[in-house]
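Quick notes on the structure that follows.
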Amino acid sequence: MTKFGVYIHWPFCKSKCPYCDFFSQVRNDVDQDSIVDSYLEDIAFYAQKTGHREVTSIFFGGGTPSLLSPQNIERIISAIDNNWTLSTNAEISLEANPNTQTPSLFTDLHHAGINRLSLGVQSLNDEELKFLGRTHNSTQALNALEDIVKTFDNHSADLIYTLPQQSDKIWQQTLQQILTFNLKHLSLYQLTIEEGTFFAKKGIRAMDDEASTEMYISTTELLEKNGYLHYEVSNYAQPNFECHHNLLYWQGQDYVGIGQGAHGRLHINNHFFATTHPRNLEELSSQERAEELLLMGLRLCNGINKNDFKQICGLHFDDFINKTHIKELEEAELIANTPKNLRITPAGFLVMNKIIEELI
Ligand SMILES: C[S@@+](CC[C@H](N)C(=O)[O-])C[C@H]1O[C@@H](n2cnc3c(N)ncnc32)[C@H](O)[C@@H]1O
Ligand code: SF4
């Protein structure tokens with residue numbers, strides 16, 4: 001079955017975290033209902049462009065979409081179902097921040113149609129949470145984790161590590177604690193200092209490469225020992241619990257992006273479009289599409305399927321790629337190249353950005 005997803009961006013947060021460069025605003029005067037009205041119009045607009053499709057995943061991301069009322073979430077899900085068709089086993093994820101928790105939040109979200117909850121835990125150490133400018137503490141995060149495993153069958157948590165001077169001991173404690181919840185999925189991000197953020201302005205530096213590499217290796221080993229598959233650079237899942245929506249991005253499938261800061265990718269009548277808010281469609285060339293597929297696909301541990309690549313962008317993978325560099329990278333065991341597939345090896349992941357530069 002062809003996969004097709006809808007991403008809903010809710011660009012508002014209770015406060016701005018000093019490391020975050022995602023599109024988000026801190027506002028108290030949000031007229032939620034009328035913004036959602038405009039989202040419903042956007043959904044109808046894109047449905048007219050794509051024609052009928054079966055929606056296999058919806059992802060409410062942000063910002064902080066757990067600030068959206070369950071009624072508005074329900075309105076959005078119904079509109080998606082009415083304008084396209086929602087697959088009976090569609091994955092419907094929402095990112096929640098522990099600072100938005102109310103006693104009935106998760107049950108209400110579940111009733112509204114959410115079947116996968118991803119919690120922004122970031123750390124289970126109060127000092128680290130403070131450093132990260134989070135407005136929740138470890139107790140709130142642990143309570144929220146307990147609630148999500150009670151309420152949902154499919155769940156995930158985001159953690160950030162390789163903080164400056166982070167001790168491996170504290171990181172291991174956080175990991176051991178998170179493992180006790182037996183979450184189906186974990187996203188473990190190394191802190192990046194993004195231009196324009198408060199951290200960048202303050203001159204905060206990421207951990208040095210050698211130390212962060214060691215942490216990355218030991219983290220992956222621990223997760224694999226505990227039954228998680230490392231399927232994308234920063235993502236780990238119990239078997240069959242990969243995030244199907246995010247796989248759409250990494251595998252170059254179609255998705256619609258709704259809301260300020262959201263973008264989409266759509267095949268319409270053999271033309272390929274990048275979409276941006278509000279309702280802009282810009283055609284991409286095969287070369288542009290191929291570069292994007294390479295950039296996204298190499299993040300996956302299984303890498304790029306060359307047949308799918310040809311089907312999606314129309315170019316032969318082996319013609320598109322830099323052949324001299326491919327040989328060198330193969331000899332250095334940084335990539336594995338077969339007639340069907342190209343992937344980055346575990347050692348290669350540590351220098352992924354360099355590899356991608358050389359391959360294009
Ligand atoms: C779009 S954010 C939204 C999550 C939600 N608003 C929250 O804060 O809990 C998704 C995830 O990206 C990660 N993230 C954001 N900025 C990052 C950075 N500079 N370095 C590493 N991870 C980052 C965090 O783990 C965060 O949970
Ligand atoms: S990390 Fe989450 S809560 Fe913090 S500013 Fe970014 S989107 Fe908002």
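Labels used: A, B, ... for chains in the order of the structure tokens, numbers from 1 for residues in each chain, and numbers from 1 for ligands as shown.
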
Requested in this report: Determine, counting only C-alpha atoms, which protein, DNA and RNA residues have an atom within 9 Å of an atom of range 207-211 of chain A; residues of the same chain fewer than 4 positions away are not included. Present the result as a PyMOL selection string.
Outcome: chain A and resi 162-166+191+215-216+350

Any chance you can output those residues with N, CA, C and O atoms as a compact mmCIF listing (two decimals), in the first residue's frame?
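Saved as selection_10.txt:
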# COMPACT_ATOMS: atom_id res chain seq x y z
N THR A 162 24.59 14.28 25.51
CA THR A 162 25.84 14.97 25.15
C THR A 162 25.73 16.47 25.45
O THR A 162 26.14 17.32 24.66
N LEU A 163 25.15 16.77 26.62
CA LEU A 163 25.15 18.16 27.09
C LEU A 163 26.58 18.50 27.48
O LEU A 163 27.36 17.61 27.84
N PRO A 164 26.97 19.79 27.45
CA PRO A 164 28.35 20.11 27.83
C PRO A 164 28.64 19.57 29.23
O PRO A 164 27.81 19.73 30.13
N GLN A 165 29.76 18.94 29.37
CA GLN A 165 30.19 18.37 30.67
C GLN A 165 29.22 17.34 31.26
O GLN A 165 29.28 17.04 32.45
N GLN A 166 28.32 16.81 30.46
CA GLN A 166 27.40 15.80 31.02
C GLN A 166 28.20 14.56 31.43
O GLN A 166 29.04 14.08 30.67
N LEU A 191 22.68 16.88 21.73
CA LEU A 191 22.42 18.32 21.72
C LEU A 191 23.17 18.97 20.56
O LEU A 191 24.38 18.77 20.39
N MET A 215 29.68 8.20 23.85
CA MET A 215 28.33 8.11 24.43
C MET A 215 27.34 7.52 23.44
O MET A 215 26.46 6.74 23.80
N TYR A 216 27.51 7.89 22.18
CA TYR A 216 26.61 7.39 21.13
C TYR A 216 26.74 5.87 21.01
O TYR A 216 25.74 5.14 20.96
N LEU A 350 29.08 8.06 12.58
CA LEU A 350 29.78 9.04 13.40
C LEU A 350 30.30 10.21 12.56
O LEU A 350 30.64 11.25 13.09

Can I get the residues of chain A within 7 Å of ligand 1, each with the closest pair of atoms and their distance in Å to one decimal, using only C-alpha atoms and all ligand atoms, sorted chain first then ascending number, as CSV?
residue,atom,partner,partner_atom_place_in_ligand_line,distance
A:Cys13,CA,ligand 1,6 (N),6.9
A:Tyr19,CA,ligand 1,19 (N),4.6
A:Cys20,CA,ligand 1,16 (N),4.1
A:Asp21,CA,ligand 1,16 (N),6.2
A:Phe22,CA,ligand 1,1 (C),5.8
A:Gly61,CA,ligand 1,1 (C),6.3
A:Gly62,CA,ligand 1,1 (C),5.0
A:Gly63,CA,ligand 1,6 (N),4.8
A:Thr64,CA,ligand 1,6 (N),4.3
A:Glu95,CA,ligand 1,4 (C),5.8
A:Ala96,CA,ligand 1,9 (O),5.9
A:Asn97,CA,ligand 1,9 (O),4.0
A:Pro98,CA,ligand 1,9 (O),6.9
A:Leu119,CA,ligand 1,9 (O),6.1
A:Gly120,CA,ligand 1,9 (O),3.2
A:Val121,CA,ligand 1,9 (O),6.3
A:Gln122,CA,ligand 1,25 (O),5.5
A:Asp158,CA,ligand 1,25 (O),4.6
A:Leu159,CA,ligand 1,25 (O),5.1
A:Ile160,CA,ligand 1,25 (O),5.3
A:Tyr189,CA,ligand 1,22 (N),4.8
A:Gln190,CA,ligand 1,21 (C),5.2
A:Leu191,CA,ligand 1,20 (N),3.6
A:Thr192,CA,ligand 1,20 (N),4.1
A:Ile193,CA,ligand 1,19 (N),5.4
A:Glu194,CA,ligand 1,19 (N),5.8

Requested in this report: Return as number ranges by chain the full set of residues in range 153-350 of chain A whose backbone-based DSSP assignment is strand (DSSP E or B).
Outcome: A: 154-161, 185-190, 229-232, 235-237, 254-258, 263-268, 271-276, 280-283, 300, 304-305, 335-337, 341-344

Take the residues that were just selected and, keeping N, CA and C atoms, output them as a compact mmCIF listing (two decimals), in the first residue's frame.
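What ended up in out_4.txt:
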# COMPACT_ATOMS: atom_id res chain seq x y z
N ASN A 154 1.08 2.50 22.22
CA ASN A 154 2.25 2.89 21.43
C ASN A 154 2.75 4.22 21.98
N HIS A 155 4.01 4.22 22.41
CA HIS A 155 4.51 5.43 23.07
C HIS A 155 6.00 5.61 22.82
N SER A 156 6.42 6.86 23.01
CA SER A 156 7.81 7.20 22.74
C SER A 156 8.23 8.32 23.68
N ALA A 157 9.54 8.47 23.87
CA ALA A 157 10.02 9.64 24.62
C ALA A 157 11.21 10.22 23.88
N ASP A 158 11.35 11.55 23.98
CA ASP A 158 12.53 12.25 23.45
C ASP A 158 13.46 12.56 24.61
N LEU A 159 14.74 12.28 24.41
CA LEU A 159 15.75 12.68 25.39
C LEU A 159 16.87 13.40 24.65
N ILE A 160 17.51 14.34 25.35
CA ILE A 160 18.67 15.01 24.76
C ILE A 160 19.90 14.65 25.60
N TYR A 161 20.98 14.27 24.92
CA TYR A 161 22.20 13.96 25.68
C TYR A 161 23.40 14.63 25.03
N HIS A 185 9.27 3.07 21.81
CA HIS A 185 10.14 3.84 20.91
C HIS A 185 10.90 4.90 21.71
N LEU A 186 12.13 5.17 21.31
CA LEU A 186 12.88 6.24 21.97
C LEU A 186 13.61 7.07 20.91
N SER A 187 13.53 8.39 21.04
CA SER A 187 14.32 9.29 20.19
C SER A 187 15.37 9.91 21.09
N LEU A 188 16.63 9.62 20.80
CA LEU A 188 17.72 10.10 21.66
C LEU A 188 18.60 11.03 20.83
N TYR A 189 18.45 12.32 21.09
CA TYR A 189 19.15 13.32 20.27
C TYR A 189 20.38 13.84 20.99
N GLN A 190 21.47 13.98 20.22
CA GLN A 190 22.63 14.65 20.78
C GLN A 190 22.37 16.15 20.67
N LEU A 229 15.62 -1.82 18.26
CA LEU A 229 16.36 -1.79 16.99
C LEU A 229 16.77 -0.35 16.74
N HIS A 230 18.04 -0.19 16.40
CA HIS A 230 18.51 1.15 16.03
C HIS A 230 18.17 1.30 14.56
N TYR A 231 17.12 2.09 14.23
CA TYR A 231 16.69 2.10 12.82
C TYR A 231 16.98 3.42 12.12
N GLU A 232 17.28 4.45 12.90
CA GLU A 232 17.64 5.75 12.30
C GLU A 232 18.67 6.37 13.22
N ASN A 235 17.08 7.27 16.40
CA ASN A 235 15.81 6.62 16.77
C ASN A 235 15.94 5.12 16.96
N TYR A 236 15.27 4.64 18.00
CA TYR A 236 15.35 3.25 18.43
C TYR A 236 13.92 2.78 18.67
N ALA A 237 13.61 1.53 18.23
CA ALA A 237 12.24 1.06 18.41
C ALA A 237 12.20 -0.41 18.72
N ASP A 254 4.98 10.58 0.26
CA ASP A 254 4.22 11.84 0.24
C ASP A 254 3.62 12.18 1.60
N TYR A 255 3.63 13.47 1.91
CA TYR A 255 2.92 13.94 3.10
C TYR A 255 2.53 15.40 2.90
N VAL A 256 1.43 15.75 3.57
CA VAL A 256 0.94 17.13 3.54
C VAL A 256 1.38 17.78 4.85
N GLY A 257 1.79 19.05 4.80
CA GLY A 257 2.14 19.77 6.03
C GLY A 257 1.15 20.90 6.25
N ILE A 258 0.54 20.94 7.42
CA ILE A 258 -0.47 21.95 7.73
C ILE A 258 0.02 22.80 8.90
N HIS A 263 5.94 21.91 6.31
CA HIS A 263 6.15 21.75 4.87
C HIS A 263 5.71 20.36 4.47
N GLY A 264 5.53 20.16 3.17
CA GLY A 264 5.09 18.85 2.69
C GLY A 264 5.81 18.47 1.42
N ARG A 265 5.59 17.26 0.97
CA ARG A 265 6.16 16.76 -0.29
C ARG A 265 5.07 15.95 -0.99
N LEU A 266 4.75 16.32 -2.24
CA LEU A 266 3.62 15.67 -2.90
C LEU A 266 3.93 15.32 -4.36
N HIS A 267 3.57 14.09 -4.77
CA HIS A 267 3.56 13.74 -6.18
C HIS A 267 2.16 13.99 -6.70
N ILE A 268 2.04 14.85 -7.71
CA ILE A 268 0.72 15.06 -8.31
C ILE A 268 0.89 14.96 -9.83
N HIS A 271 4.32 15.02 -11.32
CA HIS A 271 5.15 16.18 -10.97
C HIS A 271 5.37 16.10 -9.48
N PHE A 272 6.49 16.68 -9.05
CA PHE A 272 6.79 16.57 -7.63
C PHE A 272 6.87 17.95 -6.99
N PHE A 273 6.19 18.14 -5.90
CA PHE A 273 6.09 19.47 -5.29
C PHE A 273 6.56 19.50 -3.84
N ALA A 274 7.23 20.60 -3.50
CA ALA A 274 7.49 20.91 -2.09
C ALA A 274 6.40 21.90 -1.70
N THR A 275 5.78 21.69 -0.55
CA THR A 275 4.74 22.63 -0.14
C THR A 275 5.16 23.35 1.13
N THR A 276 4.78 24.62 1.21
CA THR A 276 5.03 25.39 2.44
C THR A 276 3.76 26.13 2.81
N ASN A 280 1.47 26.99 -0.54
CA ASN A 280 2.38 27.22 -1.67
C ASN A 280 2.88 25.89 -2.17
N LEU A 281 2.83 25.72 -3.50
CA LEU A 281 3.39 24.50 -4.08
C LEU A 281 4.49 24.91 -5.04
N GLU A 282 5.68 24.33 -4.86
CA GLU A 282 6.79 24.68 -5.75
C GLU A 282 7.33 23.39 -6.34
N GLU A 283 7.38 23.34 -7.69
CA GLU A 283 7.81 22.08 -8.30
C GLU A 283 9.31 21.86 -8.09
N LEU A 300 18.71 6.42 7.67
CA LEU A 300 18.17 5.13 8.10
C LEU A 300 19.25 4.07 8.15
N ILE A 304 19.32 3.27 1.67
CA ILE A 304 18.46 3.62 0.54
C ILE A 304 18.26 2.41 -0.36
N ASN A 305 17.00 2.15 -0.69
CA ASN A 305 16.69 1.10 -1.64
C ASN A 305 16.77 1.74 -3.03
N ILE A 335 30.61 3.02 4.37
CA ILE A 335 29.32 2.72 3.74
C ILE A 335 29.33 1.28 3.26
N ALA A 336 28.13 0.71 3.06
CA ALA A 336 28.03 -0.63 2.46
C ALA A 336 27.17 -0.45 1.21
N ASN A 337 27.70 -0.89 0.06
CA ASN A 337 27.02 -0.66 -1.21
C ASN A 337 26.78 -1.99 -1.91
N ASN A 341 21.12 -1.69 -2.66
CA ASN A 341 21.00 -0.83 -1.50
C ASN A 341 22.30 -0.11 -1.17
N LEU A 342 22.19 1.10 -0.61
CA LEU A 342 23.38 1.76 -0.08
C LEU A 342 23.07 2.22 1.34
N ARG A 343 23.96 1.86 2.26
CA ARG A 343 23.71 2.31 3.64
C ARG A 343 25.01 2.75 4.28
N ILE A 344 24.87 3.56 5.32
CA ILE A 344 26.02 3.99 6.10
C ILE A 344 26.24 2.94 7.18

Near His111 in chain A, counting only C-alpha atoms, which residues have an atom at most 10 Å away, once you skip same-chain residues fewer than 4 positions from it, shown as a PDB file with N, CA, C and O atoms, in the first residue's frame?
ATOM      1  N   PRO A  70      -8.474  18.761  23.092  1.00  0.00           N
ATOM      2  CA  PRO A  70      -8.866  17.487  22.480  1.00  0.00           C
ATOM      3  C   PRO A  70      -9.992  17.675  21.458  1.00  0.00           C
ATOM      4  O   PRO A  70     -10.026  16.994  20.442  1.00  0.00           O
ATOM      5  N   GLN A  71     -10.884  18.656  21.700  1.00  0.00           N
ATOM      6  CA  GLN A  71     -11.977  18.900  20.736  1.00  0.00           C
ATOM      7  C   GLN A  71     -11.400  19.331  19.390  1.00  0.00           C
ATOM      8  O   GLN A  71     -11.843  18.877  18.339  1.00  0.00           O
ATOM      9  N   GLU A  74      -9.827  16.441  17.625  1.00  0.00           N
ATOM     10  CA  GLU A  74     -10.864  15.606  17.026  1.00  0.00           C
ATOM     11  C   GLU A  74     -11.375  16.233  15.717  1.00  0.00           C
ATOM     12  O   GLU A  74     -11.576  15.525  14.729  1.00  0.00           O
ATOM     13  N   LEU A 105      -5.474  14.729  30.707  1.00  0.00           N
ATOM     14  CA  LEU A 105      -4.973  15.064  29.362  1.00  0.00           C
ATOM     15  C   LEU A 105      -4.823  13.823  28.467  1.00  0.00           C
ATOM     16  O   LEU A 105      -5.324  13.788  27.348  1.00  0.00           O
ATOM     17  N   PHE A 106      -4.124  12.810  28.978  1.00  0.00           N
ATOM     18  CA  PHE A 106      -3.817  11.690  28.089  1.00  0.00           C
ATOM     19  C   PHE A 106      -5.066  10.886  27.727  1.00  0.00           C
ATOM     20  O   PHE A 106      -5.225  10.465  26.586  1.00  0.00           O
ATOM     21  N   THR A 107      -5.980  10.701  28.694  1.00  0.00           N
ATOM     22  CA  THR A 107      -7.231   9.976  28.359  1.00  0.00           C
ATOM     23  C   THR A 107      -8.034  10.790  27.348  1.00  0.00           C
ATOM     24  O   THR A 107      -8.598  10.224  26.402  1.00  0.00           O
ATOM     25  N   ASN A 115      -3.355   7.712  18.963  1.00  0.00           N
ATOM     26  CA  ASN A 115      -3.033   6.341  19.401  1.00  0.00           C
ATOM     27  C   ASN A 115      -1.527   6.132  19.618  1.00  0.00           C
ATOM     28  O   ASN A 115      -1.075   5.010  19.860  1.00  0.00           O
TER      29      ASN A 115
END

Report task. Extract, using only C-alpha atoms, all DNA, RNA and protein residues at most 10 Å from range 307-315 of chain A, discarding same-chain residues fewer than 5 positions from it, and format them as a list in words. Result -> Gln251, Gly252, Gln253, Asp254, His267, Asn270, His271, Phe272, Leu284, Ser285, Ser286, Gln287, Glu288, Arg289, Ala290, Glu291, Glu292, Leu293, Leu294, Gly297, Phe320, Pro339, Lys340 and Asn341 of chain A

Requested in this report: Write down as a ChimeraX atom specification the residues belonging to range 253-318 of chain A that are assigned alpha helix (DSSP H) by DSSP computed on the backbone.
Outcome: /A:286-297,306-313,317-318

Expected file: the selected residues, N, CA, C and O atoms, as a PDB file, in the first residue's frame:
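Dumped to selection.pdb:
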ATOM      1  N   SER A 286      14.089  16.618 -10.732  1.00  0.00           N
ATOM      2  CA  SER A 286      14.504  15.262 -10.334  1.00  0.00           C
ATOM      3  C   SER A 286      15.798  15.323  -9.536  1.00  0.00           C
ATOM      4  O   SER A 286      15.996  14.581  -8.578  1.00  0.00           O
ATOM      5  N   GLN A 287      16.715  16.221  -9.954  1.00  0.00           N
ATOM      6  CA  GLN A 287      17.999  16.349  -9.257  1.00  0.00           C
ATOM      7  C   GLN A 287      17.779  16.803  -7.808  1.00  0.00           C
ATOM      8  O   GLN A 287      18.353  16.242  -6.877  1.00  0.00           O
ATOM      9  N   GLU A 288      16.919  17.801  -7.630  1.00  0.00           N
ATOM     10  CA  GLU A 288      16.639  18.296  -6.266  1.00  0.00           C
ATOM     11  C   GLU A 288      16.029  17.194  -5.412  1.00  0.00           C
ATOM     12  O   GLU A 288      16.371  17.007  -4.246  1.00  0.00           O
ATOM     13  N   ARG A 289      15.113  16.467  -6.041  1.00  0.00           N
ATOM     14  CA  ARG A 289      14.435  15.390  -5.323  1.00  0.00           C
ATOM     15  C   ARG A 289      15.444  14.304  -4.937  1.00  0.00           C
ATOM     16  O   ARG A 289      15.429  13.778  -3.828  1.00  0.00           O
ATOM     17  N   ALA A 290      16.356  13.987  -5.885  1.00  0.00           N
ATOM     18  CA  ALA A 290      17.332  12.923  -5.639  1.00  0.00           C
ATOM     19  C   ALA A 290      18.249  13.307  -4.460  1.00  0.00           C
ATOM     20  O   ALA A 290      18.541  12.482  -3.600  1.00  0.00           O
ATOM     21  N   GLU A 291      18.665  14.578  -4.427  1.00  0.00           N
ATOM     22  CA  GLU A 291      19.546  15.022  -3.331  1.00  0.00           C
ATOM     23  C   GLU A 291      18.849  14.876  -1.990  1.00  0.00           C
ATOM     24  O   GLU A 291      19.428  14.425  -1.009  1.00  0.00           O
ATOM     25  N   GLU A 292      17.567  15.236  -2.000  1.00  0.00           N
ATOM     26  CA  GLU A 292      16.789  15.137  -0.772  1.00  0.00           C
ATOM     27  C   GLU A 292      16.643  13.687  -0.325  1.00  0.00           C
ATOM     28  O   GLU A 292      16.788  13.357   0.857  1.00  0.00           O
ATOM     29  N   LEU A 293      16.402  12.814  -1.315  1.00  0.00           N
ATOM     30  CA  LEU A 293      16.227  11.391  -0.978  1.00  0.00           C
ATOM     31  C   LEU A 293      17.494  10.819  -0.366  1.00  0.00           C
ATOM     32  O   LEU A 293      17.459  10.013   0.558  1.00  0.00           O
ATOM     33  N   LEU A 294      18.631  11.265  -0.906  1.00  0.00           N
ATOM     34  CA  LEU A 294      19.909  10.784  -0.388  1.00  0.00           C
ATOM     35  C   LEU A 294      20.121  11.279   1.043  1.00  0.00           C
ATOM     36  O   LEU A 294      20.460  10.515   1.953  1.00  0.00           O
ATOM     37  N   LEU A 295      19.872  12.554   1.231  1.00  0.00           N
ATOM     38  CA  LEU A 295      20.066  13.184   2.539  1.00  0.00           C
ATOM     39  C   LEU A 295      19.205  12.526   3.609  1.00  0.00           C
ATOM     40  O   LEU A 295      19.647  12.289   4.730  1.00  0.00           O
ATOM     41  N   MET A 296      17.963  12.240   3.264  1.00  0.00           N
ATOM     42  CA  MET A 296      17.040  11.665   4.236  1.00  0.00           C
ATOM     43  C   MET A 296      17.265  10.161   4.378  1.00  0.00           C
ATOM     44  O   MET A 296      17.292   9.624   5.485  1.00  0.00           O
ATOM     45  N   GLY A 297      17.446   9.482   3.245  1.00  0.00           N
ATOM     46  CA  GLY A 297      17.511   8.006   3.258  1.00  0.00           C
ATOM     47  C   GLY A 297      18.731   7.486   3.984  1.00  0.00           C
ATOM     48  O   GLY A 297      18.686   6.430   4.615  1.00  0.00           O
ATOM     49  N   LYS A 306      17.678   1.224  -3.879  1.00  0.00           N
ATOM     50  CA  LYS A 306      17.944   1.902  -5.160  1.00  0.00           C
ATOM     51  C   LYS A 306      16.751   1.850  -6.112  1.00  0.00           C
ATOM     52  O   LYS A 306      16.554   2.754  -6.914  1.00  0.00           O
ATOM     53  N   ASN A 307      15.959   0.760  -6.019  1.00  0.00           N
ATOM     54  CA  ASN A 307      14.755   0.664  -6.852  1.00  0.00           C
ATOM     55  C   ASN A 307      13.743   1.730  -6.486  1.00  0.00           C
ATOM     56  O   ASN A 307      13.181   2.401  -7.353  1.00  0.00           O
ATOM     57  N   ASP A 308      13.525   1.880  -5.174  1.00  0.00           N
ATOM     58  CA  ASP A 308      12.572   2.899  -4.705  1.00  0.00           C
ATOM     59  C   ASP A 308      13.053   4.289  -5.115  1.00  0.00           C
ATOM     60  O   ASP A 308      12.265   5.143  -5.513  1.00  0.00           O
ATOM     61  N   PHE A 309      14.360   4.511  -5.011  1.00  0.00           N
ATOM     62  CA  PHE A 309      14.954   5.798  -5.372  1.00  0.00           C
ATOM     63  C   PHE A 309      14.590   6.147  -6.821  1.00  0.00           C
ATOM     64  O   PHE A 309      14.114   7.239  -7.120  1.00  0.00           O
ATOM     65  N   LYS A 310      14.776   5.164  -7.718  1.00  0.00           N
ATOM     66  CA  LYS A 310      14.486   5.376  -9.148  1.00  0.00           C
ATOM     67  C   LYS A 310      12.998   5.676  -9.338  1.00  0.00           C
ATOM     68  O   LYS A 310      12.605   6.556 -10.096  1.00  0.00           O
ATOM     69  N   GLN A 311      12.163   4.919  -8.604  1.00  0.00           N
ATOM     70  CA  GLN A 311      10.716   5.117  -8.744  1.00  0.00           C
ATOM     71  C   GLN A 311      10.274   6.495  -8.270  1.00  0.00           C
ATOM     72  O   GLN A 311       9.404   7.111  -8.856  1.00  0.00           O
ATOM     73  N   ILE A 312      10.917   6.963  -7.203  1.00  0.00           N
ATOM     74  CA  ILE A 312      10.457   8.231  -6.622  1.00  0.00           C
ATOM     75  C   ILE A 312      10.972   9.443  -7.397  1.00  0.00           C
ATOM     76  O   ILE A 312      10.244  10.398  -7.618  1.00  0.00           O
ATOM     77  N   CYS A 313      12.257   9.417  -7.839  1.00  0.00           N
ATOM     78  CA  CYS A 313      12.768  10.646  -8.483  1.00  0.00           C
ATOM     79  C   CYS A 313      13.079  10.472  -9.969  1.00  0.00           C
ATOM     80  O   CYS A 313      13.406  11.448 -10.641  1.00  0.00           O
ATOM     81  N   PHE A 317      20.073   5.489  -9.318  1.00  0.00           N
ATOM     82  CA  PHE A 317      20.909   5.821  -8.167  1.00  0.00           C
ATOM     83  C   PHE A 317      22.392   5.785  -8.527  1.00  0.00           C
ATOM     84  O   PHE A 317      23.157   6.697  -8.209  1.00  0.00           O
ATOM     85  N   ASP A 318      22.810   4.723  -9.243  1.00  0.00           N
ATOM     86  CA  ASP A 318      24.246   4.576  -9.520  1.00  0.00           C
ATOM     87  C   ASP A 318      24.761   5.637 -10.500  1.00  0.00           C
ATOM     88  O   ASP A 318      25.957   5.909 -10.542  1.00  0.00           O
TER      89      ASP A 318
END

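Remark: for ligand 2, the closest of the candidate residues A:Ala44, A:Ile8, A:Ala332, A:Val26 is A:Val26 (distances computed over only C-alpha atoms and all ligand atoms).
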
Report task. Mind giving me the straight-line distance from CA of Glu128 in chain A to CA of Gly196 in chain A in Å, one decimal? Result -> 21.3 Å

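Nearest residue to ligand 2, choosing from A:Val6, A:Phe198, A:Ile114, A:Glu91 and counting only C-alpha atoms and all ligand atoms: A:Phe198.
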
Query raised in the report: Counting only C-alpha atoms and all ligand atoms, which of A:Thr56, A:Asn99, A:Ser38, A:Thr2 gets nearest to ligand 2?
Result: A:Asn99

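Rounded to one decimal, atom 7 (S, counted along the ligand's line) of ligand 2 and CA of Phe12 in chain A lie 7.7 Å from each other.
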
Report task. Name all residues at most 9 Å from His244 in chain A (count only C-alpha atoms; drop same-chain ones fewer than 2 positions away) and give them as a PyMOL selection string. Result -> chain A and resi 56-57+91+241-242+246-248

**Report entry** Nearest-residue call for ligand 2, choices A:Thr220, A:Trp250, A:Thr135, A:Leu142, using only C-alpha atoms and all ligand atoms
**Finding:** A:Thr135

Requested in this report: May I have the residues within 7 Å of range 129-132 of chain A as an MDAnalysis selection string, using only C-alpha atoms and disregarding those fewer than 6 positions away in the same chain?
Outcome: chainID A and resid 17:18 123

Write the residues you've just listed into a file as a JSON list (two decimals), in the first residue's frame, and include all heavy atoms for each of them.
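Result written to result_4.json:
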[["chain", "number", "residue", "atom", "x", "y", "z"],
["A", 17, "CYS", "N", 12.51, 27.10, 24.88],
["A", 17, "CYS", "CA", 13.71, 26.42, 25.41],
["A", 17, "CYS", "C", 14.95, 27.00, 24.72],
["A", 17, "CYS", "O", 14.92, 27.25, 23.51],
["A", 17, "CYS", "CB", 13.60, 24.93, 25.17],
["A", 17, "CYS", "SG", 12.08, 24.25, 25.85],
["A", 18, "PRO", "N", 16.03, 27.18, 25.47],
["A", 18, "PRO", "CA", 17.17, 27.94, 24.94],
["A", 18, "PRO", "C", 17.95, 27.23, 23.83],
["A", 18, "PRO", "O", 18.78, 27.86, 23.17],
["A", 18, "PRO", "CB", 18.06, 28.12, 26.17],
["A", 18, "PRO", "CG", 17.66, 27.04, 27.12],
["A", 18, "PRO", "CD", 16.20, 26.79, 26.88],
["A", 123, "SER", "N", 15.32, 14.91, 29.84],
["A", 123, "SER", "CA", 16.26, 14.41, 30.85],
["A", 123, "SER", "C", 15.44, 13.99, 32.06],
["A", 123, "SER", "O", 14.31, 14.47, 32.24],
["A", 123, "SER", "CB", 17.24, 15.50, 31.24],
["A", 123, "SER", "OG", 17.98, 15.09, 32.38]]

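Here CA of Trp10 in chain A is placed at a distance of 11.7 Å from atom 5 (S, counted along the ligand's line) of ligand 2.
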